[in-house]
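S.K.: Dropping the structure in here first, questions after.
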Amino acid sequence: MNPANYLYVSVLLFVIGAIGVVVRRNAIVVFMCIELMLNASNLAFVTFARINGNLDGQVIAFFTMVVAACEVVIGLAIIVTIYRTRRSASVDDANLLKR
Amino acid sequence: MTSNSLVYLIALPLIGSAVLLLAGRRADRWGHVLATLASGSSFVVGLYQFSQMLARSGEERAVTQKLFSWISVGSFKVDAALMLDQLSICFVLLITGVGTLIHIYSIAYMSHDLDRRRFFAYLNLFIAAMLLLVLGDSYLNLYVGWEGVGLASYLLIGFWNQKPTYATAAKKAFIANRVGDLGLSLAIMISFATLGTVSFSGVKEQAEHASTGALTAIGIMLLVAATGKSAQFPLQAWLGDAMAGPTPVSALIHAATMVTAGVYLIVRSNFIFDAAPTAQLMVAIVGAITLLFGAIIGMAKDDIKKALAASTMSQIGYMILGAGLGPAGYAFAIMHLLTHGFFKAGMFLGAGSVMHGMDDEVNMRRFGGLRKFMPITFATFGIGYLAIIGVPPFAGFYSKDKIIEVAFNAGGVKGWIFGCTALLGAAITAFYMTRLVIMTFAGNKRWDAKAHPHESPALMWIPMVLLAVGSVASGFIFSQGNSLRNWLAPVVEHEHEVEVELLSPAVVSILALLLVALGVGIAVMKYLRTEVLREAPENVSIFTKIARRDLMQDAFNEAVFMRPGQKVTAALVDIDKFVIDGAVRGVARLTQGSGSALRTTQTGYVRSYAMWILLGAIGLVATIWIVTL
Amino acid sequence: MYLALELTKTSGPEAVLFWILAPLTVLAALSMLLVKKAVHSAILLAAVMISLAIFYIAQDAPFLGIVQIVVYTGAVMMLFLFILMLVGVDSSDSLTETIPGLRPIAITAALGFGGLLVSLLGRATLDHDFAGLTAANIDGNVPALAQLLFSRYVWAFEVVSALLITAALGAMVLAHNHRVVARPTQRDRAVRRFRTGSLATAAGLPGPGVYALHNAVDVPALLPDGSIAQASISATLEARGDVIDSAPFQLEKLEEEPK
């Protein structure tokens with residue numbers, strides 16, 4: 001079986017995640033879409049490792065997971081903080097950048 | 001030789017002017033006295049310098065005084081320094097001497113004017129600037145004085161600037177002078193660029209081995225400067241209008257001193273003109289044209305001051321002609337300048353005296369028969385008249401005759417043309433001056449019923465008498481044993497060329513006297529034997545009409561310079577408005593437009609920014625896609 | 001044509017696994033994008049992640065597969081669910097777009113992006129023989145990864161550990177809530193309870209299931225006259241209609257007190 005197929009799946013998942021980030025408004029769902037994109041790239045890394053016959057890709061995927069975990073912790077904390085002050089988890093409500 | 005006292009010549013009137021201007025109304029009561037004292041003490045310093053100079057031998061008479069280092073930029077070094085030599089001292093004594101007399105005259109003449117203090121401040125300022133002009137040891141120092149007298153002239157012509165026409169006359173004089181000043185500044189620039197120096201001594205040294213082309217360029221630019229300041233053709237138009245100023249101003253600035261600055265400049269630059277024959281010839285041509293131009297205008301004028309102004313223009317034309325005839329003419333140009341300084345100043349003061357007695361009337365057709373009412377004025381004016389038309393032994397005879405003689409001696413066609421022009425000018429001068437004297441002092445009374453002609457006070461007639469004495473004696477003194485010529489020789493040194501004598505001096509003198517007698521005779525026939533009308537006759541020939549309009553000089557300037565200038569200005573305004581401003585506004589509008597277009601991309605919504613990131617990623621991947629093809 | 005051949009040229013058990021799981025994964029991801037409720041999105045994302053873990057294991061990356069399940073599906077997704085609980089499970093997004101033009105542009109752009117990537121991948125992999133990890137994993141996947149992590153990537157490893165600590169501290173700082181007023185003491189609370197509201201509730205609300213055989217939270221209490229005590233059940237439960245009728249649990253008669 002050709003591992004390149006995994007790469008196409010990875011691309012599909014990444015694209016779905018990207019659309020989700022732009023289209024969805026709930027901050028938590030946006031965040032989940034970002035996680036989906038990270039996972040898609042992880043799949044690509046693991047596949048690359050297999051194609052190239054060394055484990056570096058897997059190590060990178062491992063680091064990605066760790067960084068993603070950190071990101072989730074901080075990101076969710078920020079969402080909670082915003083929610084506490086604005087009573088809303090919609091990213092459109094936090095549009096102070098314009099003013 | 002150096003001297004420490006030269007600076008006082010300038011400093012005294014300058015301080016006087018500063019005190020009068022800064023003290024304001026407080027100085028109203030004593031300001032005129034201070035100004036006269038400042039001018040008089042400057043005259044005393046001048047006399048002291050003169051006596052010192054007489055004590056030294058010919059080549060060592062020039063003294064200098066360095067005041068401070070003015071400009072020091074690379075190889076360009078100019079000191080603010082003064083130089084008094086045989087040429088300068090003539091001017092110093094003329095300026096301070098005649099200037100002081102006119103100060104005294106003005107005390108009485110301006111006694112009813114509320115702004116007399118300001119008038120005296122300007123007069124002192126003029127004296128200081130004019131002295132700087134003649135004492136500067138370089139063209140740049142001279143330039144400062146040159147601009148200074150221009151300023152003083154502007155201020156004094158427009159002294160009664162409550163009258164718009166007078167203010168306009170001041171502006172006209174200033175602008176015409178600016179054209180000339182441009183010539184002087186160009187001459188200085190060319191001098192520095194080609195000779196590397198602007199001091200008189202430096203230029204004199206360098207001129208010996210400089211190219212004729214450069215010297216001709218400098219000479220022509222100096223001539224432009226001289227035409228501006230001395231009201232010579234083609235920049236002559238301002239002098240007639242300059243008579244808007246108070247009459248003492250006309251006497252001092254626009255007859256005796258400032259307008260002769262051009263002659264001084266040319267004589268001072270003799271080393272340039274002697275090495276540039278083309279420029280020298282142009283000087284002579286300009287002088288010849290102007291002496292006829294002024295004389296013709298003088299015949300047609302009914303305004304006594306304007307007639308005298310035209311006469312001044314004509315007489316300076318003689319001086320410029322003399323200066324343009326090279327080493328042979330310099331001394332006589334200066335001699336005529338000095339004698340003219342006496343008799344023309346005297347006549348202007350006389351005219352002022354007449355106006356003083358006739359309620360400021362200037363139209364000669366409203367005068368007539370005044371000699372009984374103003375005997376002293378008539379006497380002094382008459383002496384000036386005899387001097388200007390060149391009757392021996394009055395001053396003008398010695399100086400003008402010599403210029404005519406030198407003109408003939410120029411030789412060849414040139415000599416005949418210049419000589420005949422000068423002779424013709426002398427005849428016309430005799431005619432219009434006789435006309436002026438007859439219309440003013442002789443014939444029937446034509447003045448208004450309410451006029452009460454009376455003799456002027458002593459403060460006014462004493463200067464007139466002193467100037468009349470100068471008009472009688474100066475010519476004889478200057479020409480006695482060629483005294484002035486020998487005096488000036490170290491400055492305007494000339495290897496005496498063999499003069500071509502077309503006509504012997506005696507023949508020239510007799511011819512000149514005959515022509516003068518002819519001019520006087522015609523004037524007597526026309527104005528004494530026949531009735532002078534109160535109104536100028538309208539049914540006159542086209543030539544008279546043109547002469548009355550100053551030979552169309554203003555019409556010419558207006559048609560050739562003013563109208564096209566206005567059109568160019570209007571076009572430039574349009575270009576500025578549409579092209580330059582358009583470009584600026586276009587850029588602004590472009591920035592604004594692109595800004596407001598880009599502003600819509602800044603929605604403040606995080607999701608739209610995320611989309612831009614996505615588009616950026618596409619750009620990145622597309623680039624990779626293209627480069628890996 | 002060539003691409004299509006390449007794509008379908010798969011066989012063996014892994015191919016079977018892939019062709020079953022891959023469509024499911026993509027479907028789950030798409031659904032995650034399309035469902036309204038955030039909770040459902042989270043569940044679907046968890047499904048995607050488990051699928052991915054299986055893919056990892058199938059691709060000779062057992063360690064990552066396990067970590068994916070433990071860390072992502074176990075820890076991260078639970079964290080997501082926690083936050084969803086905090087923010088409100090019920091909040092469901094409206095899927096109508098509020099920024100005009102954003103959605104079509106985003107979808108076009110993302111699809112173009114995907115197309116470019118696919119094109120690039122096709123160019124890069126078509127003629128490429130893949131090596132496989134059999135040689136690399138000869139001593140086992142975990143020791144081989146450990147070997148790499150603690151040798152070549154030790155510096156990155158240390159940096160990431162520092163990042164983790166920083167993130168933990170950051171979360172604490174963000175979660176820390178500055179009090180504006182002093183925390184009310186028990187006495188304050190008691191005073192407030194009596195001063196405000198009615199005395200009827202001053203002693204606290206009645207518990208559910210009193211005088212009934214059942215005391216679950218969805219069974220309202222009965223008053224002595226047999227009517228329902230409204231205050232004994234949560235308003236939320238009542239609104240949802242999750243309240244059970246308590247009549248069947250009513251005591252027939254009070255039994256004699258044992259002496």
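Identifiers in the structure tokens: chain A, B, ... in order shown; residue index from 1 per chain; ligand index from 1 in order shown.
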Could you write out as number ranges by chain the residues of chain A within 8 Å of chain C, counting only C-alpha atoms?

M.R.: A: 1-5, 7-9, 11-13, 15-20, 22-26, 28-29, 32-33, 36, 39, 43, 46-47, 49-56, 58-59, 61-63, 65-67, 69-74, 76-78, 80-81, 83, 89

S.K.: Tell me which protein, DNA and RNA residues are within 10 Å of Val524 in chain B, counting only C-alpha atoms, leaving out same-chain ones fewer than 3 positions away, and put them as a VMD selection string.

M.R.: chain B and resid 431 434 to 435 438 518 to 521 527 to 530

S.K.: Would you give me, as an MDAnalysis selection string, the residues of chain B that come within 10 Å of chain C, using only C-alpha atoms?

M.R.: chainID B and resid 603 605 607:608 610:612 614:615 617:622 624:626 628:629

S.K.: I'd like the contact shell of Phe394 in chain B - 7 Å cut-off, only C-alpha atoms, skipping same-chain residues fewer than 2 positions apart - returned as a ChimeraX atom specification.

M.R.: /B:386-387,390-392,396-397,471-473,475

S.K.: Write a file of the selected residues as a PDB file, in the first residue's frame, keeping all heavy atoms.

M.R.:
```pdb
ATOM      1  N   LEU B 386      23.780 128.623 -15.996  1.00  0.00           N
ATOM      2  CA  LEU B 386      24.936 128.972 -16.825  1.00  0.00           C
ATOM      3  C   LEU B 386      25.992 127.863 -16.759  1.00  0.00           C
ATOM      4  O   LEU B 386      26.665 127.579 -17.750  1.00  0.00           O
ATOM      5  CB  LEU B 386      25.534 130.292 -16.352  1.00  0.00           C
ATOM      6  CG  LEU B 386      24.656 131.534 -16.614  1.00  0.00           C
ATOM      7  CD1 LEU B 386      25.279 132.765 -15.977  1.00  0.00           C
ATOM      8  CD2 LEU B 386      24.446 131.732 -18.107  1.00  0.00           C
ATOM      9  N   ALA B 387      26.086 127.244 -15.590  1.00  0.00           N
ATOM     10  CA  ALA B 387      27.068 126.172 -15.459  1.00  0.00           C
ATOM     11  C   ALA B 387      26.676 124.987 -16.323  1.00  0.00           C
ATOM     12  O   ALA B 387      27.502 124.394 -17.011  1.00  0.00           O
ATOM     13  CB  ALA B 387      27.191 125.741 -13.996  1.00  0.00           C
ATOM     14  N   GLY B 390      27.141 125.321 -20.028  1.00  0.00           N
ATOM     15  CA  GLY B 390      28.550 125.343 -20.410  1.00  0.00           C
ATOM     16  C   GLY B 390      29.049 126.691 -20.866  1.00  0.00           C
ATOM     17  O   GLY B 390      29.788 126.789 -21.845  1.00  0.00           O
ATOM     18  N   VAL B 391      28.626 127.743 -20.148  1.00  0.00           N
ATOM     19  CA  VAL B 391      29.126 129.084 -20.466  1.00  0.00           C
ATOM     20  C   VAL B 391      30.396 129.319 -19.643  1.00  0.00           C
ATOM     21  O   VAL B 391      30.392 129.112 -18.438  1.00  0.00           O
ATOM     22  CB  VAL B 391      28.056 130.144 -20.120  1.00  0.00           C
ATOM     23  CG1 VAL B 391      28.623 131.538 -20.297  1.00  0.00           C
ATOM     24  CG2 VAL B 391      26.818 129.929 -20.958  1.00  0.00           C
ATOM     25  N   PRO B 392      31.477 129.705 -20.268  1.00  0.00           N
ATOM     26  CA  PRO B 392      32.667 130.004 -19.483  1.00  0.00           C
ATOM     27  C   PRO B 392      32.437 131.261 -18.658  1.00  0.00           C
ATOM     28  O   PRO B 392      31.668 132.130 -19.100  1.00  0.00           O
ATOM     29  CB  PRO B 392      33.754 130.224 -20.555  1.00  0.00           C
ATOM     30  CG  PRO B 392      33.013 130.597 -21.789  1.00  0.00           C
ATOM     31  CD  PRO B 392      31.682 129.907 -21.697  1.00  0.00           C
ATOM     32  N   GLY B 396      30.433 123.982 -15.686  1.00  0.00           N
ATOM     33  CA  GLY B 396      30.074 123.037 -16.738  1.00  0.00           C
ATOM     34  C   GLY B 396      30.909 123.193 -17.995  1.00  0.00           C
ATOM     35  O   GLY B 396      31.141 122.231 -18.719  1.00  0.00           O
ATOM     36  N   PHE B 397      31.326 124.392 -18.225  1.00  0.00           N
ATOM     37  CA  PHE B 397      32.128 124.641 -19.430  1.00  0.00           C
ATOM     38  C   PHE B 397      33.385 123.779 -19.422  1.00  0.00           C
ATOM     39  O   PHE B 397      33.708 123.126 -20.417  1.00  0.00           O
ATOM     40  CB  PHE B 397      32.476 126.117 -19.514  1.00  0.00           C
ATOM     41  CG  PHE B 397      33.521 126.431 -20.540  1.00  0.00           C
ATOM     42  CD1 PHE B 397      33.200 126.400 -21.899  1.00  0.00           C
ATOM     43  CD2 PHE B 397      34.829 126.731 -20.174  1.00  0.00           C
ATOM     44  CE1 PHE B 397      34.157 126.675 -22.849  1.00  0.00           C
ATOM     45  CE2 PHE B 397      35.787 127.000 -21.127  1.00  0.00           C
ATOM     46  CZ  PHE B 397      35.458 126.974 -22.467  1.00  0.00           C
ATOM     47  N   SER B 471      29.397 125.939  -8.123  1.00  0.00           N
ATOM     48  CA  SER B 471      29.093 125.871  -9.554  1.00  0.00           C
ATOM     49  C   SER B 471      29.966 126.842 -10.330  1.00  0.00           C
ATOM     50  O   SER B 471      30.288 126.607 -11.490  1.00  0.00           O
ATOM     51  CB  SER B 471      27.621 126.212  -9.807  1.00  0.00           C
ATOM     52  OG  SER B 471      26.795 125.430  -8.989  1.00  0.00           O
ATOM     53  N   VAL B 472      30.320 127.913  -9.696  1.00  0.00           N
ATOM     54  CA  VAL B 472      31.157 128.895 -10.388  1.00  0.00           C
ATOM     55  C   VAL B 472      32.606 128.424 -10.379  1.00  0.00           C
ATOM     56  O   VAL B 472      33.264 128.389 -11.419  1.00  0.00           O
ATOM     57  CB  VAL B 472      31.055 130.273  -9.705  1.00  0.00           C
ATOM     58  CG1 VAL B 472      31.978 131.263 -10.390  1.00  0.00           C
ATOM     59  CG2 VAL B 472      29.626 130.751  -9.707  1.00  0.00           C
ATOM     60  N   ALA B 473      33.067 128.005  -9.203  1.00  0.00           N
ATOM     61  CA  ALA B 473      34.508 127.860  -9.016  1.00  0.00           C
ATOM     62  C   ALA B 473      35.042 126.478  -9.336  1.00  0.00           C
ATOM     63  O   ALA B 473      36.192 126.333  -9.728  1.00  0.00           O
ATOM     64  CB  ALA B 473      34.862 128.223  -7.568  1.00  0.00           C
ATOM     65  N   GLY B 475      34.791 124.130 -11.586  1.00  0.00           N
ATOM     66  CA  GLY B 475      35.348 123.764 -12.882  1.00  0.00           C
ATOM     67  C   GLY B 475      36.729 124.360 -13.085  1.00  0.00           C
ATOM     68  O   GLY B 475      37.662 123.681 -13.521  1.00  0.00           O
TER      69      GLY B 475
END
```

S.K.: Identify, with DSSP run on backbone atoms, the residues in range 158-206 of chain B assigned to alpha helix (DSSP H), and express the list as a VMD selection string.

M.R.: chain B and resid 164 to 195 200 to 206

S.K.: Could you check the closest approach to chain B for each of A:Ala27, A:Ile34, A:Val21, A:Ala68 and tell me which residue wins, using only C-alpha atoms?

M.R.: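 Result for the nearest residue to chain B: A:Val21.
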
S.K.: How far is it from CA of Lys372 in chain B to CA of Val354 in chain B, in Å with one decimal?

M.R.: 12.2 Å

S.K.: In range 131-230 of chain C, what's strand (DSSP E or B) per DSSP? Answer as a list in words?

M.R.: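 Selecting the strand (DSSP E or B) positions of range 131-230 of chain C gives Ala212, Ala221, Leu222, Ile228 and Ala229 of chain C.
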
S.K.: Ranking A:Ser10, A:Val30, A:Ile82, A:Ser41 by minimum distance to chain B and counting only C-alpha atoms, which one comes first?

M.R.: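 Using only C-alpha atoms, chain B sits closest to A:Val30.
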
S.K.: For the atom pair CA of Gly593 in chain B and CA of Lys577 in chain B, what is the interatomic distance in Å to one decimal place?

M.R.: 21.1 Å
